[in-house]
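As structure tokens, the structure follows; a few thoughts come after it.
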Amino acid sequence: MSGESEATPETIAKYVAEKASRGEFAAIEELFAPPLRAQVSAEVVRTAWDAHLAGTGPVTAIRQPVAEPAATGPVRVSVPLTCAHGGLTLIMSIDDAGWLNGLRLAPADSASWTPPPYADPDAFTEHELAVGAGPLAVPGTLSLPGARGPRPAVVLLGGGGPFDRDGTVGPNKPLKDLAWGLAGRGVAVLRFDKVTHTHAAAVAARPDFTMTDEYVPHAVAAVRALRAHPAVDPARVFVLGHSMGGKVAPRVAAAEPSVAGLVILAGDTQPMHRAAVRVARHLAALAPDSGAGTLVDTLTRQAALVDSPRLSPDTPAAELPFGHSGAYWLDLRAYDPVATAAALDIPMLILQGGRDYQVTVEHDLVRWRTGLAHRPDVTLRVHDAADHLFFPGTGPVTPAAYERAQHVDPAVVTDIADWLTAAPAARQAGA
């Protein structure tokens, strides 16, 4: 786009909305950050756009973009669209280099996050703090119960992608749900923006960046920050990871021996490149006319390269799934989360959603169950009604379901809080 040096998130968002309304999706694709470009093409955007406008009619007016304040990381910008038979909101995430890190359409009346019914904001306070040191430090939030300490504490790790500390997806904030739910039950919780969210441009400039770099340094720093806090019992600091955060949690504990135990929510164990193909095929079957078949073909070709002996640190990221570098995939390919977990002498709670199509009982939980069957200090539990974000419901789950405001199932929060309270005592008894 012209005048890039003076472009603001608002002007970029207005430009994207104008191009979309005219059907010029190739121009939008040129603004995609590498990870987004590797997953989404101009044709995929066109298909999604046409599907939404089938119900609302064409865009008749583009209203003023609204940018949400962000101290660090990409800015979330919403552009209200007036259509012939209703309205939509075009929502995008724009980093400090002007690249699009996310793009989606939502209903015009898309709800904002509200506290879950089980959260008691009067039972805890929240404090901002930096996690890590140096130029890649990230901002975080400590939710501290008001009850007298020392108390157990947990570090939250989000899923794969440039998530903020709340794990924001549409109007939902599942990590914030967990933080507020657990803090109200006497557990101190530290959550933080991922380095890929806060420092997207710096990370993209590093071809040697790996999954370990994405998670481990900040997770270890967060554990140590909690152990040093006077209100926290340093012997009861846990790590809770969701999705890829659950996959990498055993590696964090291996790097930081003071971790008292792990909570793994929908932690994937199937190799991620193969899981990506499976998920794409699942979505293509649900919507045969959505253009998802093109994504299946692309991911199948990219996944074959990840499995190939030709994969090297010099393999172009554009030829690999999700735009991750060759170094990233080599690190991921060499990592076995179940074997790493089995070598740890700490208790674990592993929870899985029965309605989850991204991480499943059949493809992922079975590996945890088989590899850790000899461990009496490992608890595995399936919440049958839960999806990937542990939102309860019925029927098949699609990505569109996350556009509806929901909260993490209270039964999941209770499971975790009870386990965090009991696990240290059980571990000490067996020591």
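Letters for chains follow the order of the structure tokens (A, B, ...), residue numbers begin at 1 for each chain, and ligand numbers begin at 1 in the order shown.
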
Can you list, as a list in words, every residue of range 138-181 of chain A that DSSP puts in helix (DSSP H, G or I)?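 Put together, the selection reads Pro174, Leu175, Lys176, Asp177, Leu178, Ala179, Trp180 and Gly181 of chain A.
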
Could you give me, as a PDB file with C-alpha atoms, in the first residue's frame, each residue of range 40-102 of chain A that DSSP assigns to strand (DSSP E) when run on this structure's backbone?
ATOM      1  CA  VAL A  59     -20.854  -4.109   1.927  1.00  0.00           C
ATOM      2  CA  THR A  60     -22.512  -0.711   1.559  1.00  0.00           C
ATOM      3  CA  ALA A  61     -20.395   1.300   4.013  1.00  0.00           C
ATOM      4  CA  ILE A  62     -17.076   0.979   5.860  1.00  0.00           C
ATOM      5  CA  VAL A  66     -11.319   1.099  16.237  1.00  0.00           C
ATOM      6  CA  ALA A  67      -7.913   0.089  17.609  1.00  0.00           C
ATOM      7  CA  VAL A  75      -2.745  -4.118  17.825  1.00  0.00           C
ATOM      8  CA  ARG A  76      -6.272  -5.474  17.469  1.00  0.00           C
ATOM      9  CA  VAL A  77      -8.311  -3.331  15.087  1.00  0.00           C
ATOM     10  CA  SER A  78     -12.037  -3.721  14.417  1.00  0.00           C
ATOM     11  CA  VAL A  79     -13.693  -2.263  11.311  1.00  0.00           C
ATOM     12  CA  PRO A  80     -17.518  -2.164  11.440  1.00  0.00           C
ATOM     13  CA  LEU A  81     -19.078  -2.942   8.049  1.00  0.00           C
ATOM     14  CA  THR A  82     -22.611  -1.993   7.045  1.00  0.00           C
ATOM     15  CA  CYS A  83     -24.099  -4.503   4.609  1.00  0.00           C
ATOM     16  CA  GLY A  86     -27.160  -6.408   8.256  1.00  0.00           C
ATOM     17  CA  GLY A  87     -23.611  -5.865   9.405  1.00  0.00           C
ATOM     18  CA  LEU A  88     -20.283  -7.508  10.111  1.00  0.00           C
ATOM     19  CA  THR A  89     -17.063  -6.613  11.894  1.00  0.00           C
ATOM     20  CA  LEU A  90     -13.711  -7.164  10.200  1.00  0.00           C
ATOM     21  CA  ILE A  91     -11.158  -7.842  12.928  1.00  0.00           C
ATOM     22  CA  MET A  92      -7.425  -7.949  12.353  1.00  0.00           C
ATOM     23  CA  SER A  93      -4.198  -8.107  14.336  1.00  0.00           C
ATOM     24  CA  ILE A  94      -1.477  -5.760  13.055  1.00  0.00           C
ATOM     25  CA  LEU A 100      -1.307  -8.700   9.366  1.00  0.00           C
ATOM     26  CA  ASN A 101      -0.979 -11.480  11.939  1.00  0.00           C
ATOM     27  CA  GLY A 102      -4.667 -12.357  11.989  1.00  0.00           C
TER      28      GLY A 102
END

Residues at most 6 Å from range 339-349 of chain A, counting only C-alpha atoms, excluding those fewer than 3 positions away in the same chain, as an MDAnalysis selection string? chainID A and resid 250 261:263 336 377:379

Identify which of the residues A:Gly132, A:Pro174, A:Gly73, A:Pro162 lies closest to Val216 in chain A, counting only C-alpha atoms when measuring atom-to-atom distances.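 Smallest separation from Val216 in chain A among the options: A:Gly132.
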
Atom pair CA of Pro135 in chain A / CA of Val155 in chain A: separation (Å):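 Atom-to-atom, CA of Pro135 in chain A to CA of Val155 in chain A, that is 21.3 Å.
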
For His127 in chain A: contacts at 12 Å, only C-alpha atoms, fewer than 3 positions along chain excluded, given as number ranges by chain: A: 124, 130, 139-145, 188-192

Saved selection, atoms kept: N, CA and C atoms, as a short mmCIF file (atom, residue, chain, number, x, y, z; two decimals), in the first residue's frame:
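The resulting file, out-v2.cif, is shown below:
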data_model
loop_
_atom_site.label_atom_id
_atom_site.label_comp_id
_atom_site.auth_asym_id
_atom_site.auth_seq_id
_atom_site.Cartn_x
_atom_site.Cartn_y
_atom_site.Cartn_z
N PHE A 124 -9.23 -11.76 44.86
CA PHE A 124 -7.83 -11.66 44.47
C PHE A 124 -7.54 -10.28 43.88
N ALA A 130 7.02 -7.82 34.48
CA ALA A 130 7.74 -8.27 33.29
C ALA A 130 8.22 -9.70 33.51
N PRO A 139 5.32 -8.70 28.86
CA PRO A 139 4.49 -8.31 30.00
C PRO A 139 3.61 -9.45 30.47
N GLY A 140 3.37 -9.48 31.77
CA GLY A 140 2.53 -10.52 32.34
C GLY A 140 1.63 -9.97 33.43
N THR A 141 0.72 -10.82 33.88
CA THR A 141 -0.22 -10.46 34.94
C THR A 141 -0.19 -11.54 36.01
N LEU A 142 0.01 -11.12 37.27
CA LEU A 142 -0.05 -12.02 38.42
C LEU A 142 -1.38 -11.83 39.12
N SER A 143 -2.17 -12.91 39.18
CA SER A 143 -3.43 -12.90 39.93
C SER A 143 -3.14 -13.51 41.30
N LEU A 144 -3.28 -12.69 42.34
CA LEU A 144 -2.84 -13.09 43.67
C LEU A 144 -4.02 -13.16 44.63
N PRO A 145 -4.33 -14.35 45.14
CA PRO A 145 -5.45 -14.49 46.09
C PRO A 145 -5.25 -13.66 47.34
N ALA A 188 -2.31 -18.76 43.23
CA ALA A 188 -1.70 -17.64 42.53
C ALA A 188 -1.43 -18.05 41.09
N VAL A 189 -1.70 -17.15 40.14
CA VAL A 189 -1.59 -17.50 38.72
C VAL A 189 -0.81 -16.41 37.99
N LEU A 190 0.20 -16.82 37.23
CA LEU A 190 0.97 -15.89 36.41
C LEU A 190 0.77 -16.28 34.94
N ARG A 191 0.25 -15.33 34.16
CA ARG A 191 0.09 -15.53 32.72
C ARG A 191 0.80 -14.38 32.01
N PHE A 192 1.28 -14.63 30.80
CA PHE A 192 2.05 -13.59 30.11
C PHE A 192 1.87 -13.70 28.60
#

Find, counting only C-alpha atoms, the residue in A:Met244, A:Val338, A:Leu351, A:Ala304 that gets nearest to Leu265 in chain A.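 Under the stated criterion, the closest residue is A:Leu351.
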
If we count only C-alpha atoms, what is near range 282-287 of chain A at a cut-off of 9 Å, once residues fewer than 5 positions away on the same chain are taken out, given as a PyMOL selection string? chain A and resi 277+292-293+295-296+357+398-399

Mind writing the picked residues with N, CA and C atoms as an mmCIF file, in the first residue's frame?
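Full text of again.cif as output:
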data_model
loop_
_atom_site.group_PDB
_atom_site.id
_atom_site.type_symbol
_atom_site.label_atom_id
_atom_site.label_comp_id
_atom_site.auth_asym_id
_atom_site.auth_seq_id
_atom_site.Cartn_x
_atom_site.Cartn_y
_atom_site.Cartn_z
ATOM 1 N N VAL A 277 -2.645 -31.749 8.885
ATOM 2 C CA VAL A 277 -3.304 -32.339 7.716
ATOM 3 C C VAL A 277 -4.625 -32.983 8.131
ATOM 4 N N ALA A 292 -11.361 -25.348 1.553
ATOM 5 C CA ALA A 292 -10.415 -25.976 2.472
ATOM 6 C C ALA A 292 -9.608 -27.070 1.792
ATOM 7 N N GLY A 293 -10.108 -27.599 0.669
ATOM 8 C CA GLY A 293 -9.355 -28.626 -0.033
ATOM 9 C C GLY A 293 -8.000 -28.134 -0.502
ATOM 10 N N LEU A 295 -6.185 -25.967 1.066
ATOM 11 C CA LEU A 295 -5.341 -25.979 2.262
ATOM 12 C C LEU A 295 -4.860 -27.396 2.567
ATOM 13 N N VAL A 296 -5.715 -28.395 2.372
ATOM 14 C CA VAL A 296 -5.315 -29.788 2.590
ATOM 15 C C VAL A 296 -4.142 -30.144 1.688
ATOM 16 N N TYR A 357 -11.711 -31.537 18.145
ATOM 17 C CA TYR A 357 -11.288 -32.134 16.880
ATOM 18 C C TYR A 357 -9.843 -31.776 16.538
ATOM 19 N N THR A 398 -16.942 -26.425 15.174
ATOM 20 C CA THR A 398 -16.269 -25.807 14.034
ATOM 21 C C THR A 398 -15.575 -24.545 14.515
ATOM 22 N N PRO A 399 -14.637 -23.999 13.734
ATOM 23 C CA PRO A 399 -13.982 -22.749 14.153
ATOM 24 C C PRO A 399 -14.968 -21.620 14.420
#

Which residues are close to Ala123 in chain A, i.e. within 9 Å by only C-alpha atoms, leaving aside same-chain residues fewer than 2 positions away? Reply as a VMD selection string. chain A and resid 119 to 121 125 144 to 147 183 to 186

Write the residues of the selection above to a file with N, CA and C atoms, as a short mmCIF file (atom, residue, chain, number, x, y, z; two decimals), in the first residue's frame.
data_model
loop_
_atom_site.label_atom_id
_atom_site.label_comp_id
_atom_site.auth_asym_id
_atom_site.auth_seq_id
_atom_site.Cartn_x
_atom_site.Cartn_y
_atom_site.Cartn_z
N ALA A 119 -16.03 -16.87 38.73
CA ALA A 119 -14.93 -16.00 39.17
C ALA A 119 -15.41 -15.02 40.24
N ASP A 120 -14.57 -14.80 41.23
CA ASP A 120 -14.87 -13.85 42.29
C ASP A 120 -13.77 -12.78 42.30
N PRO A 121 -13.95 -11.69 41.56
CA PRO A 121 -12.90 -10.66 41.46
C PRO A 121 -12.51 -10.06 42.80
N THR A 125 -6.27 -9.97 43.76
CA THR A 125 -5.83 -8.74 43.11
C THR A 125 -4.93 -9.11 41.93
N LEU A 144 -3.28 -12.69 42.34
CA LEU A 144 -2.84 -13.09 43.67
C LEU A 144 -4.02 -13.16 44.63
N PRO A 145 -4.33 -14.35 45.14
CA PRO A 145 -5.45 -14.49 46.09
C PRO A 145 -5.25 -13.66 47.34
N GLY A 146 -6.36 -13.21 47.90
CA GLY A 146 -6.27 -12.40 49.11
C GLY A 146 -6.06 -13.21 50.37
N ALA A 147 -6.30 -14.52 50.31
CA ALA A 147 -6.12 -15.35 51.48
C ALA A 147 -4.66 -15.37 51.90
N ALA A 183 -7.56 -18.24 40.83
CA ALA A 183 -7.19 -17.25 41.85
C ALA A 183 -8.29 -17.13 42.89
N GLY A 184 -9.54 -17.26 42.46
CA GLY A 184 -10.65 -17.21 43.41
C GLY A 184 -10.70 -18.42 44.32
N ARG A 185 -9.94 -19.47 43.96
CA ARG A 185 -9.88 -20.68 44.77
C ARG A 185 -8.55 -20.81 45.49
N GLY A 186 -7.83 -19.71 45.61
CA GLY A 186 -6.64 -19.68 46.45
C GLY A 186 -5.33 -20.01 45.76
#

Please list as a list in words every residue within 10 Å of His199 in chain A, counting only C-alpha atoms and excluding residues in the same chain fewer than 5 positions away.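 These residues fall inside the cut-off: Thr72, Gly73, Pro74, Asp95, Asp96, Pro135, Leu136, Ala137, Val138, Pro162, Asp193, Lys194 and Ala204 of chain A.
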
Proximity of range 154-218 of chain A to range 404-412 of chain A: per-residue shortest pair, 12 Å limit, only C-alpha atoms, as CSV:
residue,atom,partner,partner_atom,distance
A:Gly167,CA,A:Val408,CA,11.7
A:Thr168,CA,A:Ala405,CA,11.2
A:Val169,CA,A:Ala405,CA,9.6
A:Gly170,CA,A:Arg404,CA,7.7
A:Pro171,CA,A:Ala405,CA,5.5
A:Asn172,CA,A:Ala405,CA,5.7
A:Lys173,CA,A:His407,CA,7.7
A:Pro174,CA,A:Val408,CA,6.0
A:Leu175,CA,A:Val408,CA,8.6
A:Lys176,CA,A:Val408,CA,9.4
A:Asp177,CA,A:Val408,CA,6.3
A:Leu178,CA,A:Val408,CA,7.1
A:Ala179,CA,A:Val408,CA,10.7
A:Trp180,CA,A:Val408,CA,10.9
A:Gly181,CA,A:Pro410,CA,8.1
A:Leu182,CA,A:Pro410,CA,10.3
A:Arg185,CA,A:Pro410,CA,11.9

Smallest atom-to-atom distance to Ala228 in chain A: which of A:Ala275, A:Ala153, A:Tyr402, A:His363, using only C-alpha atoms?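 The closest residue to Ala228 in chain A is A:Ala153.
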
For the atom pair CA of Pro116 in chain A and CA of Gly149 in chain A, what is the interatomic distance in Å to one decimal place?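 For CA of Pro116 in chain A relative to CA of Gly149 in chain A, the distance reads 24.8 Å.
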
Minimum-distance residue to Gly326 in chain A, chosen among A:Ala235, A:Ala108, A:Ala221, A:Met211 (using only C-alpha atoms): A:Met211

Calculated over only C-alpha atoms, which of the candidates A:Val239, A:Ala38, A:Ala423, A:Ala266 has the smallest distance to Val361 in chain A?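 So, comparing all the options, the nearest one is A:Ala266.
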